[in-house]
Amino acid sequence: MLTREEIQSVRQALDGIVSEVCRACELNCCLQGTMVGSDDARRIAKAARLSPAFREWLIAGLVERGRELQRDLAGLERTAKLLRDRFGAEQPSALAKLDAALDDWGRFCDFLEHDFRAEPDDLQRCLLFSALRATALRAMRAFPGGEKVLPALAGAGTSFKAGRRGLRPDRCLFHLGGCLVPSAKPHKCADFYCGSDPGLIHEVVDRMAFDDFVLAHVEPRTRVEVIQDVATELALGPEYVEPKVIIGGDHQLAHEIAGMLGGVFPRAAVRLVGGGHFDATLDLPDWGRLAPDEALVLSCRSVDAVGIYEMAVLLVRARSRSLRPAVVLVAQELWRRAGVVHDLWRTRAMSQPVSALNLWGLIE
């Protein structure tokens, strides 16, 4: 049985490396535009349902971000006035597109400041932020020198900063003095899409044991919390059911979860892993062959870090094909195998995919 202290120890080690390495380069990922996608929006929506405190924190943070975007809008409008006075008669069509883009920006600001309630539809609407900003800047570029004068006319209190290749990207919408959604971290952030120097992937591989890295992604959960989490996913809809690994569960828990899934999915079954130890390459079905109305709970005696990592890799590949498999692995114990690592960890051939899974450790 895993302990909260055991999990916290390795998580603190990983957090320490991330804190030390991130922001040491000029490519601060959080400042390179939003990284939140539809899968992340679903994860954030579930976290908001599970925790009223997180929900209020998120709402307050996005209200403040809305105020920041209002300041950006004021800067855009100052620039638009100049462009309107100088080029309006010559480029009426371009001016109409700019006005429409600024109207959309204003409506988005009002949404964040007054209407955002951390519901699924609200979070999906937040995904429009990058396109909205890109559309406004594209409309500015239709005028001679429009984008170049924007930083000076908009002012120092806005997000419009000149860079070597034009305007710098704004930071992630969910960033306000730090990440607003750390408990529901977007996959790209959590998976270390990092090509900088120092590189986070290389630092973590050099300074952590593979087993400890995987364990650092485990969220401590009581049995009651596991059931509540699954129930929340099902209440939101079958598309919210995320693949997960539950360490410390038993066959009874596997059947209980399958019973819950059976209330939403027409087909939900428990499958015992032959031999007792889970091997993703042998025991995990081809997710492309799982029907959208099918849920599967695998029950086994043990799983190791390599099996968890491989399951995460296969999930990332499935999502690249727009697949959302409803698969749960319930393992009685985590088998530690010192020195045994996944090939992609050893070769550093891809970003670290473990956060693609819900990885839970049952505690007393």
# chains A, B, ... in the order shown; residues from 1 in each chain; ligands from 1
call {"tool": "closest_atom_pairs", "arguments": {"of": "region 138-225 of chain A", "to": "region 100-124 of chain A", "cutoff": "12 Å", "atoms": "only C-alpha atoms", "output": "JSON lines"}}
result
{"residue": "A:Arg138", "atom": "CA", "partner": "A:Ala101", "partner_atom": "CA", "distance": 9.4}
{"residue": "A:Ala139", "atom": "CA", "partner": "A:Ala101", "partner_atom": "CA", "distance": 7.4}
{"residue": "A:Met140", "atom": "CA", "partner": "A:Ala101", "partner_atom": "CA", "distance": 9.6}
{"residue": "A:Leu173", "atom": "CA", "partner": "A:Leu112", "partner_atom": "CA", "distance": 10.6}
{"residue": "A:Phe174", "atom": "CA", "partner": "A:Leu123", "partner_atom": "CA", "distance": 10.7}
{"residue": "A:Val181", "atom": "CA", "partner": "A:Ala118", "partner_atom": "CA", "distance": 11.6}
call {"tool": "closest_atom_pairs", "arguments": {"of": "region 204-270 of chain A", "to": "region 333-353 of chain A", "cutoff": "10 Å", "atoms": "only C-alpha atoms", "output": "Markdown table"}}
result
| residue | atom | partner | partner_atom | distance |
| --- | --- | --- | --- | --- |
| A:Val204 | CA | A:Gln352 | CA | 9.9 |
| A:Val205 | CA | A:Trp345 | CA | 7.2 |
| A:Asp206 | CA | A:Arg346 | CA | 9.9 |
| A:Ala209 | CA | A:Gly339 | CA | 8.1 |
| A:Phe210 | CA | A:Val341 | CA | 6.0 |
| A:Asp211 | CA | A:Arg336 | CA | 6.9 |
| A:Asp212 | CA | A:Arg336 | CA | 9.4 |
| A:Phe213 | CA | A:Gln352 | CA | 9.7 |
| A:Val214 | CA | A:Gln352 | CA | 9.7 |
| A:Leu215 | CA | A:Leu334 | CA | 9.2 |
| A:Ile246 | CA | A:Glu333 | CA | 9.2 |
| A:Ile247 | CA | A:Glu333 | CA | 5.7 |
| A:Gly248 | CA | A:Glu333 | CA | 5.2 |
| A:Gly249 | CA | A:Glu333 | CA | 7.8 |
| A:Asp250 | CA | A:Glu333 | CA | 9.2 |
call {"tool": "closest_residue", "arguments": {"among": "A:Leu176, A:Ala89, A:Leu253, A:Ala48", "to": "Leu236 (chain A)", "atoms": "only C-alpha atoms"}}
result
A:Ala48
call {"tool": "closest_residue", "arguments": {"among": "A:Met260, A:Ala231, A:Cys179, A:Val273", "to": "Gly61 (chain A)", "atoms": "only C-alpha atoms"}}
result
A:Cys179
call {"tool": "residues_around", "arguments": {"residues": "Glu256 (chain A)", "least_positions_apart": "4", "cutoff": "12 Å", "atoms": "only C-alpha atoms", "output": "mmCIF file with C-alpha atoms, in the first residue's frame"}}
result
data_model
loop_
_atom_site.group_PDB
_atom_site.id
_atom_site.type_symbol
_atom_site.label_atom_id
_atom_site.label_comp_id
_atom_site.auth_asym_id
_atom_site.auth_seq_id
_atom_site.Cartn_x
_atom_site.Cartn_y
_atom_site.Cartn_z
ATOM 1 C CA ARG A 223 -11.583 4.707 -1.860
ATOM 2 C CA VAL A 224 -14.470 7.130 -1.352
ATOM 3 C CA VAL A 226 -12.047 7.357 -6.247
ATOM 4 C CA ILE A 227 -15.765 6.527 -6.428
ATOM 5 C CA VAL A 230 -15.666 8.372 -11.361
ATOM 6 C CA ALA A 231 -19.220 9.444 -10.497
ATOM 7 C CA GLY A 249 -7.296 -1.365 -5.422
ATOM 8 C CA ASP A 250 -8.728 -4.850 -5.447
ATOM 9 C CA HIS A 251 -10.988 -6.986 -7.614
ATOM 10 C CA GLN A 252 -14.040 -5.765 -5.715
ATOM 11 C CA MET A 260 -20.812 2.455 -12.399
ATOM 12 C CA LEU A 261 -19.540 2.617 -15.974
ATOM 13 C CA GLY A 262 -22.307 0.221 -16.988
ATOM 14 C CA GLY A 263 -24.841 2.882 -16.061
ATOM 15 C CA ALA A 268 -18.798 -2.430 -19.504
ATOM 16 C CA ALA A 269 -16.786 -5.432 -18.382
ATOM 17 C CA VAL A 270 -14.046 -6.515 -15.987
ATOM 18 C CA VAL A 297 -11.842 -2.383 -16.413
ATOM 19 C CA SER A 299 -7.900 -6.041 -12.798
ATOM 20 C CA VAL A 328 -9.418 1.623 -16.168
ATOM 21 C CA VAL A 330 -6.950 -1.540 -11.082
#
call {"tool": "select_by_dssp", "arguments": {"residues": "region 64-296 of chain A", "states": "alpha helix (DSSP H)", "output": "PyMOL selection string"}}
result
chain A and resi 64-87+92-110+120-126+129-141+146-154+187-190+200-207+210-215+223-236+251-261+280-283
call {"tool": "closest_residue", "arguments": {"among": "A:Ala154, A:Leu69, A:Ile363, A:Ala305", "to": "Glu6 (chain A)", "atoms": "only C-alpha atoms"}}
result
A:Ile363
call {"tool": "select_by_dssp", "arguments": {"residues": "region 98-303 of chain A", "states": "strand (DSSP E)", "output": "list in words"}}
result
Ala162, Gly163, Gly166, Leu167, Glu219, Pro220, Arg221, Lys244, Val245, Ile246, Ile247, Arg267, Ala268, Ala269, Val270, Arg271, Leu272, Glu294, Ala295, Leu296, Val297, Leu298, Ser299, Cys300, Arg301, Ser302 and Val303 of chain A
call {"tool": "residues_around", "arguments": {"residues": "region 74-88 of chain A", "least_positions_apart": "4", "cutoff": "8 Å", "atoms": "only C-alpha atoms", "output": "PDB file with N, CA and C atoms, in the first residue's frame"}}
result
ATOM      1  N   GLN A  70      -9.188  43.405 -21.001  1.00  0.00           N
ATOM      2  CA  GLN A  70      -9.855  44.688 -21.257  1.00  0.00           C
ATOM      3  C   GLN A  70      -8.822  45.783 -21.487  1.00  0.00           C
ATOM      4  N   PRO A  92     -11.960  50.169 -46.445  1.00  0.00           N
ATOM      5  CA  PRO A  92     -13.172  49.962 -45.631  1.00  0.00           C
ATOM      6  C   PRO A  92     -13.405  48.495 -45.248  1.00  0.00           C
ATOM      7  N   LEU A  95     -11.070  47.580 -42.453  1.00  0.00           N
ATOM      8  CA  LEU A  95     -11.514  48.240 -41.231  1.00  0.00           C
ATOM      9  C   LEU A  95     -12.714  47.519 -40.619  1.00  0.00           C
ATOM     10  N   LEU A  98     -11.432  44.531 -38.792  1.00  0.00           N
ATOM     11  CA  LEU A  98     -10.799  44.914 -37.529  1.00  0.00           C
ATOM     12  C   LEU A  98     -11.852  45.230 -36.478  1.00  0.00           C
ATOM     13  N   LEU A 102     -12.434  43.293 -32.857  1.00  0.00           N
ATOM     14  CA  LEU A 102     -12.415  43.972 -31.554  1.00  0.00           C
ATOM     15  C   LEU A 102     -13.741  43.775 -30.818  1.00  0.00           C
ATOM     16  N   MET A 140      -5.027  43.740 -37.741  1.00  0.00           N
ATOM     17  CA  MET A 140      -4.112  44.880 -37.609  1.00  0.00           C
ATOM     18  C   MET A 140      -3.074  44.876 -38.732  1.00  0.00           C
ATOM     19  N   PHE A 143      -3.227  46.647 -42.270  1.00  0.00           N
ATOM     20  CA  PHE A 143      -2.936  48.063 -42.468  1.00  0.00           C
ATOM     21  C   PHE A 143      -1.418  48.279 -42.446  1.00  0.00           C
ATOM     22  N   GLY A 146       0.518  48.525 -39.119  1.00  0.00           N
ATOM     23  CA  GLY A 146      -0.457  48.381 -38.029  1.00  0.00           C
ATOM     24  C   GLY A 146       0.068  47.617 -36.829  1.00  0.00           C
ATOM     25  N   VAL A 149       3.135  49.459 -34.855  1.00  0.00           N
ATOM     26  CA  VAL A 149       2.857  50.586 -33.955  1.00  0.00           C
ATOM     27  C   VAL A 149       2.049  50.156 -32.736  1.00  0.00           C
ATOM     28  N   LEU A 150       1.522  48.928 -32.761  1.00  0.00           N
ATOM     29  CA  LEU A 150       0.652  48.480 -31.666  1.00  0.00           C
ATOM     30  C   LEU A 150       1.328  48.528 -30.300  1.00  0.00           C
ATOM     31  N   LEU A 153       1.487  52.231 -29.083  1.00  0.00           N
ATOM     32  CA  LEU A 153       0.187  52.858 -28.875  1.00  0.00           C
ATOM     33  C   LEU A 153      -0.631  52.150 -27.797  1.00  0.00           C
ATOM     34  N   ALA A 154      -0.478  50.844 -27.705  1.00  0.00           N
ATOM     35  CA  ALA A 154      -1.240  50.098 -26.700  1.00  0.00           C
ATOM     36  C   ALA A 154      -0.769  50.437 -25.298  1.00  0.00           C
ATOM     37  N   GLY A 155       0.549  50.574 -25.102  1.00  0.00           N
ATOM     38  CA  GLY A 155       1.059  50.965 -23.794  1.00  0.00           C
ATOM     39  C   GLY A 155       1.729  49.824 -23.063  1.00  0.00           C
ATOM     40  N   THR A 158      -0.016  46.501 -21.282  1.00  0.00           N
ATOM     41  CA  THR A 158      -0.727  45.500 -22.073  1.00  0.00           C
ATOM     42  C   THR A 158       0.193  44.332 -22.399  1.00  0.00           C
TER      43      THR A 158
END
call {"tool": "residues_around", "arguments": {"residues": "Lys148 (chain A)", "least_positions_apart": "5", "cutoff": "9 Å", "atoms": "only C-alpha atoms", "output": "compact mmCIF listing (two decimals) with C-alpha atoms, in the first residue's frame"}}
result
# COMPACT_ATOMS: atom_id res chain seq x y z
CA ARG A 141 -1.53 43.59 -40.08
CA ALA A 162 7.73 43.68 -29.60
CA GLY A 166 7.01 40.49 -34.47
CA LEU A 167 4.81 40.58 -31.41
call {"tool": "decode", "arguments": {"residues": "region 327-359 of chain A", "atoms": "N, CA and C atoms", "output": "tab-separated table (two decimals), in the first residue's frame"}}
result
chain	number	residue	atom	x	y	z
A	327	VAL	N	-10.90	3.15	-20.42
A	327	VAL	CA	-10.18	2.00	-19.88
A	327	VAL	C	-9.65	2.35	-18.51
A	328	VAL	N	-9.89	1.45	-17.54
A	328	VAL	CA	-9.42	1.62	-16.17
A	328	VAL	C	-8.60	0.39	-15.79
A	329	LEU	N	-7.42	0.62	-15.23
A	329	LEU	CA	-6.59	-0.47	-14.72
A	329	LEU	C	-6.57	-0.39	-13.20
A	330	VAL	N	-6.98	-1.46	-12.55
A	330	VAL	CA	-6.95	-1.54	-11.08
A	330	VAL	C	-5.89	-2.57	-10.69
A	331	ALA	N	-4.85	-2.11	-10.03
A	331	ALA	CA	-3.74	-2.99	-9.62
A	331	ALA	C	-3.63	-3.01	-8.10
A	332	GLN	N	-3.40	-4.18	-7.55
A	332	GLN	CA	-3.29	-4.27	-6.10
A	332	GLN	C	-2.04	-3.60	-5.57
A	333	GLU	N	-0.94	-3.64	-6.35
A	333	GLU	CA	0.30	-3.07	-5.86
A	333	GLU	C	1.16	-2.55	-7.00
A	334	LEU	N	2.07	-1.63	-6.64
A	334	LEU	CA	3.07	-1.13	-7.57
A	334	LEU	C	4.35	-1.92	-7.36
A	335	TRP	N	4.81	-2.58	-8.41
A	335	TRP	CA	6.02	-3.39	-8.31
A	335	TRP	C	7.22	-2.52	-8.68
A	336	ARG	N	8.11	-2.35	-7.72
A	336	ARG	CA	9.32	-1.56	-7.96
A	336	ARG	C	10.39	-2.44	-8.58
A	337	ARG	N	10.94	-2.00	-9.71
A	337	ARG	CA	11.99	-2.77	-10.37
A	337	ARG	C	13.16	-1.83	-10.65
A	338	ALA	N	14.07	-1.75	-9.71
A	338	ALA	CA	15.19	-0.82	-9.81
A	338	ALA	C	16.00	-1.06	-11.08
A	339	GLY	N	16.30	0.01	-11.78
A	339	GLY	CA	17.13	-0.08	-12.98
A	339	GLY	C	16.39	-0.42	-14.25
A	340	VAL	N	15.11	-0.81	-14.15
A	340	VAL	CA	14.32	-1.14	-15.34
A	340	VAL	C	13.55	0.10	-15.76
A	341	VAL	N	13.80	0.58	-16.98
A	341	VAL	CA	13.17	1.81	-17.45
A	341	VAL	C	12.57	1.59	-18.83
A	342	HIS	N	11.68	2.48	-19.21
A	342	HIS	CA	11.08	2.44	-20.54
A	342	HIS	C	12.09	2.96	-21.56
A	343	ASP	N	12.08	2.40	-22.76
A	343	ASP	CA	13.05	2.79	-23.79
A	343	ASP	C	12.96	4.28	-24.12
A	344	LEU	N	11.76	4.84	-24.13
A	344	LEU	CA	11.61	6.25	-24.48
A	344	LEU	C	12.14	7.16	-23.38
A	345	TRP	N	12.21	6.64	-22.16
A	345	TRP	CA	12.83	7.39	-21.08
A	345	TRP	C	14.35	7.39	-21.26
A	346	ARG	N	14.87	6.22	-21.59
A	346	ARG	CA	16.32	6.09	-21.74
A	346	ARG	C	16.84	6.92	-22.91
A	347	THR	N	16.12	6.91	-24.02
A	347	THR	CA	16.58	7.62	-25.21
A	347	THR	C	16.10	9.06	-25.27
A	348	ARG	N	15.23	9.44	-24.34
A	348	ARG	CA	14.68	10.81	-24.29
A	348	ARG	C	14.06	11.17	-25.63
A	349	ALA	N	13.35	10.20	-26.19
A	349	ALA	CA	12.86	10.33	-27.57
A	349	ALA	C	11.55	11.10	-27.67
A	350	MET	N	10.88	11.33	-26.57
A	350	MET	CA	9.61	12.07	-26.63
A	350	MET	C	9.37	12.75	-25.30
A	351	SER	N	8.39	13.64	-25.28
A	351	SER	CA	8.02	14.29	-24.03
A	351	SER	C	7.45	13.25	-23.07
A	352	GLN	N	7.44	13.59	-21.81
A	352	GLN	CA	7.01	12.62	-20.81
A	352	GLN	C	5.48	12.58	-20.74
A	353	PRO	N	4.85	11.43	-21.02
A	353	PRO	CA	3.41	11.39	-21.26
A	353	PRO	C	2.55	10.98	-20.06
A	354	VAL	N	3.14	10.82	-18.89
A	354	VAL	CA	2.42	10.15	-17.81
A	354	VAL	C	1.17	10.91	-17.36
A	355	SER	N	1.19	12.24	-17.48
A	355	SER	CA	0.03	13.00	-17.01
A	355	SER	C	-1.18	12.80	-17.91
A	356	ALA	N	-1.03	12.13	-19.05
A	356	ALA	CA	-2.19	11.83	-19.88
A	356	ALA	C	-3.16	10.90	-19.16
A	357	LEU	N	-2.64	10.15	-18.18
A	357	LEU	CA	-3.46	9.25	-17.37
A	357	LEU	C	-3.92	9.92	-16.08
A	358	ASN	N	-5.07	9.51	-15.58
A	358	ASN	CA	-5.37	9.72	-14.17
A	358	ASN	C	-4.66	8.60	-13.42
A	359	LEU	N	-3.69	8.95	-12.60
A	359	LEU	CA	-2.89	7.95	-11.89
A	359	LEU	C	-3.12	8.14	-10.41
